[in-house]
Structures are given as C-alpha cells and as structure tokens.
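Asks: My file is run.pdb. It has PDB, C-alpha atoms and all ligand atoms:
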```pdb
MODEL        1
ATOM      1  CA  MET A 170     122.283  54.662 -67.633
ATOM      2  CA  LYS A 171     119.093  56.039 -66.188
ATOM      3  CA  ILE A 172     119.446  56.216 -62.426
ATOM      4  CA  GLN A 173     116.401  54.708 -60.792
ATOM      5  CA  THR A 174     117.868  54.095 -57.366
ATOM      6  CA  ALA A 175     121.095  55.236 -55.736
ATOM      7  CA  GLU A 176     121.255  53.991 -52.185
ATOM      8  CA  PHE A 177     123.893  54.301 -49.527
ATOM      9  CA  VAL A 178     124.953  50.822 -48.371
ATOM     10  CA  ILE A 179     127.680  51.194 -45.747
ATOM     11  CA  SER A 180     130.698  53.192 -44.620
ATOM     12  CA  ALA A 181     133.553  50.786 -44.026
ATOM     13  CA  ALA A 182     136.403  51.689 -41.685
ATOM     14  CA  SER A 183     137.955  48.241 -42.045
ATOM     15  CA  PRO A 184     137.774  45.390 -44.569
ATOM     16  CA  ARG A 185     135.530  43.411 -42.211
ATOM     17  CA  GLN A 186     132.838  45.984 -42.922
ATOM     18  CA  PHE A 187     132.994  45.644 -46.712
ATOM     19  CA  PRO A 188     129.568  44.480 -47.930
ATOM     20  CA  SER A 189     129.220  40.881 -49.041
ATOM     21  CA  PRO A 190     130.265  40.626 -52.663
ATOM     22  CA  VAL A 191     127.112  40.386 -54.736
ATOM     23  CA  LEU A 192     127.469  42.951 -57.508
ATOM     24  CA  PRO A 193     130.262  44.236 -59.715
ATOM     25  CA  GLU A 194     131.912  47.349 -58.335
ATOM     26  CA  VAL A 195     133.407  50.528 -59.752
ATOM     27  CA  ALA A 196     135.607  52.541 -57.410
ATOM     28  CA  PHE A 197     136.384  56.271 -57.438
ATOM     29  CA  ALA A 198     139.701  57.627 -56.189
ATOM     30  CA  GLY A 199     141.258  61.058 -56.030
ATOM     31  CA  LYS A 200     143.107  63.650 -54.039
ATOM     32  CA  SER A 201     141.064  65.518 -51.432
ATOM     33  CA  ASN A 202     139.274  68.540 -52.873
ATOM     34  CA  VAL A 203     139.622  67.376 -56.468
ATOM     35  CA  GLY A 204     135.828  67.240 -56.597
ATOM     36  CA  LYS A 205     135.321  63.494 -56.206
ATOM     37  CA  SER A 206     132.147  63.816 -54.139
ATOM     38  CA  SER A 207     130.758  66.493 -56.478
ATOM     39  CA  LEU A 208     131.580  64.362 -59.517
ATOM     40  CA  ILE A 209     129.815  61.308 -58.072
ATOM     41  CA  ASN A 210     126.752  63.423 -57.254
ATOM     42  CA  SER A 211     126.859  64.848 -60.798
ATOM     43  CA  LEU A 212     127.170  61.410 -62.313
ATOM     44  CA  LEU A 213     124.260  60.063 -60.285
ATOM     45  CA  GLN A 214     122.220  63.268 -60.558
ATOM     46  CA  ARG A 215     121.804  63.270 -56.801
ATOM     47  CA  LYS A 216     122.766  66.550 -55.153
ATOM     48  CA  GLY A 217     123.389  65.441 -51.612
ATOM     49  CA  LEU A 218     124.093  61.720 -51.862
ATOM     50  CA  VAL A 219     127.790  62.172 -51.177
ATOM     51  CA  LYS A 220     128.864  64.831 -48.690
ATOM     52  CA  THR A 221     131.073  67.427 -50.329
ATOM     53  CA  SER A 222     133.284  68.603 -47.507
ATOM     54  CA  GLY A 223     135.936  66.338 -46.079
ATOM     55  CA  THR A 224     137.554  67.065 -42.732
ATOM     56  CA  PRO A 225     141.301  66.533 -42.452
ATOM     57  CA  GLY A 226     142.438  64.143 -39.762
ATOM     58  CA  LYS A 227     139.244  62.166 -39.560
ATOM     59  CA  THR A 228     139.150  58.397 -39.920
ATOM     60  CA  ARG A 229     139.073  57.517 -43.580
ATOM     61  CA  LEU A 230     136.130  55.467 -44.756
ATOM     62  CA  ILE A 231     135.125  53.622 -47.908
ATOM     63  CA  ASN A 232     131.524  54.409 -48.818
ATOM     64  CA  PHE A 233     129.505  51.925 -50.853
ATOM     65  CA  PHE A 234     126.433  52.921 -52.889
ATOM     66  CA  ASN A 235     124.073  50.549 -54.680
ATOM     67  CA  ILE A 236     123.152  51.916 -58.102
ATOM     68  CA  ASN A 237     119.973  50.504 -59.674
ATOM     69  CA  GLY A 238     120.714  47.163 -58.013
ATOM     70  CA  ARG A 239     123.145  46.828 -60.916
ATOM     71  CA  PHE A 240     126.519  47.729 -59.411
ATOM     72  CA  LEU A 241     128.145  49.169 -56.326
ATOM     73  CA  LEU A 242     129.773  52.562 -56.674
ATOM     74  CA  VAL A 243     132.664  52.631 -54.232
ATOM     75  CA  ASP A 244     133.866  56.012 -52.958
ATOM     76  CA  LEU A 245     137.445  55.541 -51.773
ATOM     77  CA  PRO A 246     138.705  58.019 -49.160
ATOM     78  CA  GLY A 247     140.514  61.020 -50.624
ATOM     79  CA  TYR A 248     144.256  61.362 -50.174
ATOM     80  CA  GLY A 249     146.665  64.231 -49.721
ATOM     81  CA  PHE A 250     145.405  66.329 -46.852
ATOM     82  CA  ALA A 251     148.313  68.523 -45.763
ATOM     83  CA  LYS A 252     148.154  67.986 -42.024
ATOM     84  CA  VAL A 253     147.039  64.443 -41.536
ATOM     85  CA  PRO A 254     148.456  62.488 -38.562
ATOM     86  CA  VAL A 255     150.743  59.584 -39.501
ATOM     87  CA  ALA A 256     148.274  57.116 -37.963
ATOM     88  CA  VAL A 257     145.501  58.332 -40.274
ATOM     89  CA  LYS A 258     147.756  58.008 -43.313
ATOM     90  CA  ALA A 259     148.624  54.464 -42.281
ATOM     91  CA  GLN A 260     144.935  53.659 -41.809
ATOM     92  CA  TRP A 261     144.162  55.119 -45.269
ATOM     93  CA  GLU A 262     146.884  53.028 -46.867
ATOM     94  CA  ALA A 263     145.822  49.811 -45.116
ATOM     95  CA  LEU A 264     142.148  50.289 -45.941
ATOM     96  CA  VAL A 265     142.602  51.327 -49.571
ATOM     97  CA  SER A 266     145.139  48.626 -50.379
ATOM     98  CA  ALA A 267     142.935  46.004 -48.700
ATOM     99  CA  TYR A 268     140.153  47.091 -51.026
ATOM    100  CA  LEU A 269     142.243  47.346 -54.199
ATOM    101  CA  LEU A 270     144.178  44.129 -53.734
ATOM    102  CA  ASN A 271     141.491  41.765 -52.479
ATOM    103  CA  ARG A 272     138.210  42.766 -53.998
ATOM    104  CA  ALA A 273     137.535  40.510 -56.975
ATOM    105  CA  GLU A 274     134.282  42.349 -57.740
ATOM    106  CA  THR A 275     136.083  45.526 -58.773
ATOM    107  CA  LEU A 276     135.850  46.089 -62.528
ATOM    108  CA  GLY A 277     137.976  49.201 -62.511
ATOM    109  CA  VAL A 278     138.821  52.466 -60.811
ATOM    110  CA  VAL A 279     137.929  55.963 -61.944
ATOM    111  CA  MET A 280     140.778  58.186 -60.827
ATOM    112  CA  ILE A 281     139.940  61.869 -60.632
ATOM    113  CA  LEU A 282     142.480  64.614 -61.247
ATOM    114  CA  ASP A 283     142.247  68.399 -61.383
ATOM    115  CA  ALA A 284     142.289  69.489 -65.027
ATOM    116  CA  ARG A 285     144.099  72.704 -64.071
ATOM    117  CA  HIS A 286     147.125  71.088 -62.452
ATOM    118  CA  SER A 287     149.841  68.550 -63.114
ATOM    119  CA  PRO A 288     149.496  65.299 -61.170
ATOM    120  CA  THR A 289     151.051  65.319 -57.695
ATOM    121  CA  ASP A 290     153.403  62.749 -56.189
ATOM    122  CA  LEU A 291     150.431  61.242 -54.375
ATOM    123  CA  ASP A 292     148.571  60.899 -57.673
ATOM    124  CA  ARG A 293     151.566  58.958 -58.956
ATOM    125  CA  VAL A 294     151.499  56.756 -55.843
ATOM    126  CA  MET A 295     147.795  56.105 -56.378
ATOM    127  CA  LYS A 296     148.339  55.235 -60.052
ATOM    128  CA  GLU A 297     151.125  52.835 -59.058
ATOM    129  CA  MET A 298     148.827  51.172 -56.510
ATOM    130  CA  LEU A 299     146.235  50.641 -59.260
ATOM    131  CA  ASP A 300     148.832  49.258 -61.656
ATOM    132  CA  ARG A 301     150.164  46.906 -58.998
ATOM    133  CA  ALA A 302     146.620  45.746 -58.236
ATOM    134  CA  GLY A 303     146.187  45.047 -61.959
ATOM    135  CA  LEU A 304     143.058  47.181 -62.060
ATOM    136  CA  PRO A 305     141.870  49.026 -65.148
ATOM    137  CA  CYS A 306     141.978  52.735 -64.518
ATOM    138  CA  LEU A 307     139.988  55.488 -66.178
ATOM    139  CA  MET A 308     141.504  58.934 -65.669
ATOM    140  CA  VAL A 309     139.068  61.809 -65.395
ATOM    141  CA  ALA A 310     140.185  65.453 -65.327
ATOM    142  CA  ASN A 311     137.590  67.393 -63.326
ATOM    143  CA  LYS A 312     136.852  71.139 -63.027
ATOM    144  CA  VAL A 313     137.328  71.807 -66.749
ATOM    145  CA  ASP A 314     134.854  74.681 -66.355
ATOM    146  CA  LYS A 315     137.605  76.535 -64.479
ATOM    147  CA  LEU A 316     139.994  76.197 -67.384
ATOM    148  CA  LYS A 317     140.420  78.500 -70.369
ATOM    149  CA  ARG A 318     139.342  76.624 -73.444
ATOM    150  CA  SER A 319     142.773  76.988 -75.007
ATOM    151  CA  ARG A 320     144.382  75.294 -71.985
ATOM    152  CA  LEU A 321     142.205  72.190 -72.027
ATOM    153  CA  ASN A 322     144.027  70.003 -74.538
ATOM    154  CA  PRO A 323     147.555  71.048 -73.505
ATOM    155  CA  ASN A 324     146.710  70.300 -69.859
ATOM    156  CA  LEU A 325     145.189  66.919 -70.658
ATOM    157  CA  LYS A 326     148.293  66.029 -72.649
ATOM    158  CA  THR A 327     150.570  67.084 -69.793
ATOM    159  CA  ILE A 328     148.659  64.882 -67.370
ATOM    160  CA  ALA A 329     148.830  61.947 -69.792
ATOM    161  CA  ASN A 330     152.581  62.405 -70.247
ATOM    162  CA  ASP A 331     153.259  62.799 -66.521
ATOM    163  CA  LEU A 332     151.389  59.611 -65.636
ATOM    164  CA  ARG A 333     152.415  57.769 -68.820
ATOM    165  CA  LEU A 334     148.828  57.106 -69.797
ATOM    166  CA  SER A 335     147.957  55.406 -73.041
ATOM    167  CA  GLU A 336     145.135  57.905 -73.646
ATOM    168  CA  ILE A 337     144.366  61.441 -72.507
ATOM    169  CA  PRO A 338     142.089  61.818 -69.471
ATOM    170  CA  LEU A 339     138.379  62.286 -69.943
ATOM    171  CA  ALA A 340     137.399  65.938 -69.429
ATOM    172  CA  TYR A 341     134.673  66.493 -66.826
ATOM    173  CA  SER A 342     132.977  69.255 -64.904
ATOM    174  CA  ALA A 343     130.937  68.388 -61.844
ATOM    175  CA  SER A 344     129.535  71.926 -62.077
ATOM    176  CA  THR A 345     128.306  71.880 -65.682
ATOM    177  CA  HIS A 346     128.161  68.058 -66.023
ATOM    178  CA  ALA A 347     130.343  68.263 -69.128
ATOM    179  CA  GLY A 348     131.676  64.783 -69.859
ATOM    180  CA  ARG A 349     128.858  62.965 -68.093
ATOM    181  CA  PRO A 350     127.505  61.017 -71.108
ATOM    182  CA  GLU A 351     131.022  59.895 -72.045
ATOM    183  CA  LEU A 352     131.844  58.799 -68.498
ATOM    184  CA  TRP A 353     128.624  56.776 -68.359
ATOM    185  CA  ARG A 354     129.467  55.220 -71.722
ATOM    186  CA  ARG A 355     132.821  54.088 -70.353
ATOM    187  CA  LEU A 356     131.315  52.716 -67.121
ATOM    188  CA  GLU A 357     128.662  50.806 -69.047
ATOM    189  CA  ALA A 358     131.403  49.269 -71.178
ATOM    190  CA  TRP A 359     133.043  47.999 -67.986
ATOM    191  CA  LEU A 360     129.728  46.732 -66.636
ATOM    192  CA  THR A 361     128.871  44.862 -69.791
ATOM    193  CA  GLY A 362     132.306  43.280 -69.882
ATOM    194  CA  GLY A 363     133.357  45.343 -72.866
ATOM    195  CA  GLU A 364     136.367  47.501 -73.562
ATOM    196  CA  GLY A 365     138.845  48.273 -70.839
ATOM    197  CA  GLY A 366     137.230  46.664 -67.809
ATOM    198  CA  ARG A 367     138.547  43.726 -65.857
ATOM    199  CA  ALA A 368     136.946  40.430 -66.795
ATOM    200  CA  GLN A 369     134.429  39.387 -64.202
ATOM    201  CA  PRO A 370     135.644  36.421 -62.185
ATOM    202  CA  ALA A 371     134.156  33.074 -63.042
ATOM    203  CA  GLY A 372     131.500  31.761 -60.702
ATOM    204  CA  ARG A 373     129.933  35.079 -59.900
ATOM    205  CA  SER A 374     126.193  35.034 -60.287
ATOM    206  CA  SER A 375     125.096  37.416 -62.981
ATOM    207  CA  GLY A 376     122.010  38.875 -61.264
TER
HETATM  208  N1  LIG A 401     134.108  74.946 -60.583
HETATM  209  C1  LIG A 401     134.058  73.673 -60.164
HETATM  210  N2  LIG A 401     134.131  73.404 -58.843
HETATM  211  C2  LIG A 401     134.076  72.108 -58.454
HETATM  212  C3  LIG A 401     133.951  71.038 -59.385
HETATM  213  N3  LIG A 401     133.946  69.873 -58.687
HETATM  214  C4  LIG A 401     134.043  70.202 -57.387
HETATM  215  N4  LIG A 401     134.129  71.549 -57.229
HETATM  216  C5  LIG A 401     134.296  72.281 -55.950
HETATM  217  O1  LIG A 401     135.505  71.827 -55.360
HETATM  218  C6  LIG A 401     135.380  71.741 -53.923
HETATM  219  C7  LIG A 401     135.685  70.323 -53.453
HETATM  220  O2  LIG A 401     134.673  69.460 -53.940
HETATM  221  P1  LIG A 401     134.386  68.031 -53.255
HETATM  222  O3  LIG A 401     133.404  67.358 -54.138
HETATM  223  O4  LIG A 401     134.015  68.180 -51.813
HETATM  224  O5  LIG A 401     135.825  67.369 -53.381
HETATM  225  P2  LIG A 401     136.373  65.984 -52.796
HETATM  226  O6  LIG A 401     137.146  66.343 -51.559
HETATM  227  O7  LIG A 401     137.267  65.468 -53.855
HETATM  228  O8  LIG A 401     135.222  65.088 -52.536
HETATM  229  C8  LIG A 401     133.946  72.186 -53.610
HETATM  230  O9  LIG A 401     133.993  73.559 -53.280
HETATM  231  C9  LIG A 401     133.209  71.963 -54.930
HETATM  232  O10 LIG A 401     132.111  72.824 -55.085
HETATM  233  C10 LIG A 401     133.900  71.370 -60.793
HETATM  234  O11 LIG A 401     133.820  70.506 -61.686
HETATM  235  N5  LIG A 401     133.951  72.698 -61.110
HETATM  236 MG    MG A 402     134.651  64.183 -50.756
ENDMDL
END
```
Would you write the structure of this file as structure tokens?
Replies:
Amino acid sequence: MKIQTAEFVISAASPRQFPSPVLPEVAFAGKSNVGKSSLINSLLQRKGLVKTSGTPGKTRLINFFNINGRFLLVDLPGYGFAKVPVAVKAQWEALVSAYLLNRAETLGVVMILDARHSPTDLDRVMKEMLDRAGLPCLMVANKVDKLKRSRLNPNLKTIANDLRLSEIPLAYSASTHAGRPELWRRLEAWLTGGEGGRAQPAGRSSG
C-alpha cells in the first residue's frame, strides 16, 4: 500500500475516548522495547509519527492513526515494564481488554516479538487474550538485523513452538525494513477480507 496520509487521530486513556467506529482497524501489540513504535514508523515510512521511547509508570494509552482514510492503525500500549505500579497494570489490562473484546471494527492484531528471544510469560498472556477475543493474530519477529543469519530460522521455530502457532512468525527489521512488503501483503489481505482476517461485521458501510 502506498501511504498517502498517516494522521494521528486520538490517544485514548479510556474506552469512552475510542474514536467512533467508521473504518476497519488493525491493532499492534507487543512488550515494551520490542520495537513496536519503530516497526509502525517503518511500516508507514514516517520517522517520527510514533514516539519511540516509552516511560515506565505512565498512564497507558491507545493511539489511533488514520492511514489513507482506509483503515485505523491502533497502537496498543506496550506491556512488561519491570517496575510498573499495580494501578497502572490494572489500567493497562482494563483498557486493552475493553479494546480487544468490544471493538467490532478490529480485523486482527499484529503481535510483535523480539526475534532474538523466546516469548515471555506476558507474551503468552497477550496471545491468550487475543485467542479469547477470537481475533486473528499475525506474529511478527522484529530486530532480525541483530540476529546471526544461522539463528533466524531456529529462533522463529522456537517462538512458534512456544506459542503453539500454526505458522512461523514473519521476520522483520524496523532498522533495515526487512519484511515490510510481506507485512503489507498480509495487512492488505485482512483489509480486503481475504486470508486470515476477521470477517467484517454486517451493516458496516464500506467507504
Ligand atoms: N537493531 C534494531 N533495533 C531496533 C529495531 N526496532 C527497534 N529497535 C530499537 O529498540 C529500541 C526500542 O524501540 P521502540 O520502537 O521504542 O520500542 P517499543 O517500546 O516497542 O515501542 C529503540 O532503541 C529502537 O531503536 C530493529 O528492528 N532493529
Ligand atoms: Mg513505543
């Protein structure tokens, strides 16, 4: 997809602030520091659209971006900061589950992992949340540029086994943009109602 416009819509701290549902949505999830912001900027070819340094302990927000007037890219707050107050964790959980469970517009979730490491317990929790929400999930292993070539396939297989995936994660590098055409191909398939994505609910206008 050629990116003509990528515009920030809103930062939502609570479900009341979610934008009115007008377009299909694709959400991005991942552990803090996995490179989620960098990957979104790489995907959209916009260097500074998404800020690339999260601060632990801050209120977690869901950021919505309008891409080409075609879909909303939804940046879910990262999880897994070491020293986050219990109240912030509870707020994260409430906000993210409100989004995942109630948002009929969501076609699927891109879940970002670190290609160098095995999934963490929190990655497993996230995957279970997606399964429970019945949302299609595309696993993307980021930072492959930091990996020896010989480690790539073994690591991808380990991640797939650990999370019991039906296919190995898509390899990506937000630094070199490796994997970008394939990720776009998969997102377009969701957007056009093709392979893997959740069927769009009846009654939605197709503008
Ligand atoms: N080498 C390399 N570094 C990356 C990549 N993606 C992100 N980073 C770095 O990882 C750190 C965290 O990135 P950020 O996008 O802020 O992660 P987020 O917390 O998941 O949004 C930053 O220092 C990025 O420059 C990648 O694909 N390759
Ligand atoms: Mg970030």
Asks: Interatomic distance between CA of Thr221 in chain A and atom O3 of ligand LIG 401 (chain A)?
Replies: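 So the two atoms, CA of Thr221 in chain A and atom O3 of ligand LIG 401 (chain A), lie 4.5 Å apart.
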Asks: Report, in Å with one decimal, the straight-line distance from CA of Ile236 in chain A to CA of Asp292 in chain A.
Replies: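 Between CA of Ile236 in chain A and CA of Asp292 in chain A the gap works out to 27.0 Å.
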Asks: For the file shown, report as a PyMOL selection string the outcome of the PyMOL selection byres (((chain A and resi 184) around 8) and not hetatm) at residue level.
Replies: chain A and resi 181-183+185-187+264+267-268
Asks: When the PyMOL selection byres (((chain A and resi 179) around 9) and not hetatm) is applied to the file above, which residues end up in the set, as number ranges by chain?
Replies: A: 177-178, 180-181, 186-188, 231-234
Asks: For each of A:Leu360, A:Val265, A:Leu332, A:Ala310, take the minimum atom-to-atom distance to Glu297 in chain A, counting all atoms listed in the file, then give the residue where this is smallest.
Replies: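 Counting all atoms listed in the file, the residue closest to Glu297 in chain A is A:Leu332.
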Asks: Tell me which residues come within 12 Å of (129.4, 50.2, -64.9), as a VMD selection string, counting only C-alpha atoms in the file's coordinates.
Replies: chain A and resid 170 to 172 192 to 197 212 235 to 243 274 to 279 307 352 to 367 369
Asks: Within 12 Å of ligand MG 402 (chain A), counting all atoms listed in the file: which residues, as an mmCIF file with C-alpha atoms, in the frame of the given file?
Replies:
```
data_model
loop_
_atom_site.group_PDB
_atom_site.id
_atom_site.type_symbol
_atom_site.label_atom_id
_atom_site.label_comp_id
_atom_site.auth_asym_id
_atom_site.auth_seq_id
_atom_site.Cartn_x
_atom_site.Cartn_y
_atom_site.Cartn_z
ATOM 1 C CA PHE A 197 136.384 56.271 -57.438
ATOM 2 C CA ALA A 198 139.701 57.627 -56.189
ATOM 3 C CA GLY A 199 141.258 61.058 -56.030
ATOM 4 C CA LYS A 200 143.107 63.650 -54.039
ATOM 5 C CA SER A 201 141.064 65.518 -51.432
ATOM 6 C CA ASN A 202 139.274 68.540 -52.873
ATOM 7 C CA VAL A 203 139.622 67.376 -56.468
ATOM 8 C CA GLY A 204 135.828 67.240 -56.597
ATOM 9 C CA LYS A 205 135.321 63.494 -56.206
ATOM 10 C CA SER A 206 132.147 63.816 -54.139
ATOM 11 C CA SER A 207 130.758 66.493 -56.478
ATOM 12 C CA LEU A 208 131.580 64.362 -59.517
ATOM 13 C CA ILE A 209 129.815 61.308 -58.072
ATOM 14 C CA ASN A 210 126.752 63.423 -57.254
ATOM 15 C CA GLY A 217 123.389 65.441 -51.612
ATOM 16 C CA LEU A 218 124.093 61.720 -51.862
ATOM 17 C CA VAL A 219 127.790 62.172 -51.177
ATOM 18 C CA LYS A 220 128.864 64.831 -48.690
ATOM 19 C CA THR A 221 131.073 67.427 -50.329
ATOM 20 C CA SER A 222 133.284 68.603 -47.507
ATOM 21 C CA GLY A 223 135.936 66.338 -46.079
ATOM 22 C CA THR A 224 137.554 67.065 -42.732
ATOM 23 C CA PRO A 225 141.301 66.533 -42.452
ATOM 24 C CA ARG A 229 139.073 57.517 -43.580
ATOM 25 C CA LEU A 230 136.130 55.467 -44.756
ATOM 26 C CA ILE A 231 135.125 53.622 -47.908
ATOM 27 C CA ASN A 232 131.524 54.409 -48.818
ATOM 28 C CA ASP A 244 133.866 56.012 -52.958
ATOM 29 C CA LEU A 245 137.445 55.541 -51.773
ATOM 30 C CA PRO A 246 138.705 58.019 -49.160
ATOM 31 C CA GLY A 247 140.514 61.020 -50.624
ATOM 32 C CA TYR A 248 144.256 61.362 -50.174
ATOM 33 C CA PHE A 250 145.405 66.329 -46.852
ATOM 34 C CA ILE A 281 139.940 61.869 -60.632
#
```
Asks: Under the rule that all atoms listed in the file are counted, which of A:Thr174, A:Asn324, A:Ser211, A:Asn311 is the nearest residue to ligand LIG 401 (chain A)?
Replies: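 Closest to ligand LIG 401 (chain A) of all the choices is A:Asn311.
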Asks: To one decimal in Å, tell me the separation between CA of Arg318 in chain A and CA of Arg215 in chain A.
Replies: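 That distance, rounded to one decimal, is 27.6 Å.
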Asks: Return the single residue from A:Gly348, A:Pro305, A:Pro190, A:Pro288 that is closest to Thr327 in chain A, with distances computed using only C-alpha atoms.
Replies: A:Pro288
Asks: For ligand LIG 401 (chain A), which of A:Met280, A:Ala329, A:Leu291, A:Cys306 is the closest residue, counting all atoms listed in the file?
Replies: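 That would be A:Met280, the residue with the smallest distance to ligand LIG 401 (chain A).
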Asks: Measuring between only C-alpha atoms and all ligand atoms, which one of A:Glu176, A:Asp314, A:Asp300, A:Asp283 shows the shortest distance to ligand LIG 401 (chain A)?
Replies: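 For ligand LIG 401 (chain A), the nearest of the candidates is A:Asp314.
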Asks: Using all atoms listed in the file, which residue out of A:Pro254, A:Gly303, A:Gly249, A:Pro350 lies closest to ligand LIG 401 (chain A)?
Replies: A:Gly249
Asks: Counting only C-alpha atoms, I want the residues whose atoms come within 12 Å of (151.6, 60.4, -69.0) in the file frame, returned as JSON, numbers by chain.
Replies: {"A": [287, 288, 292, 293, 296, 308, 324, 325, 326, 327, 328, 329, 330, 331, 332, 333, 334, 335, 336, 337, 338]}
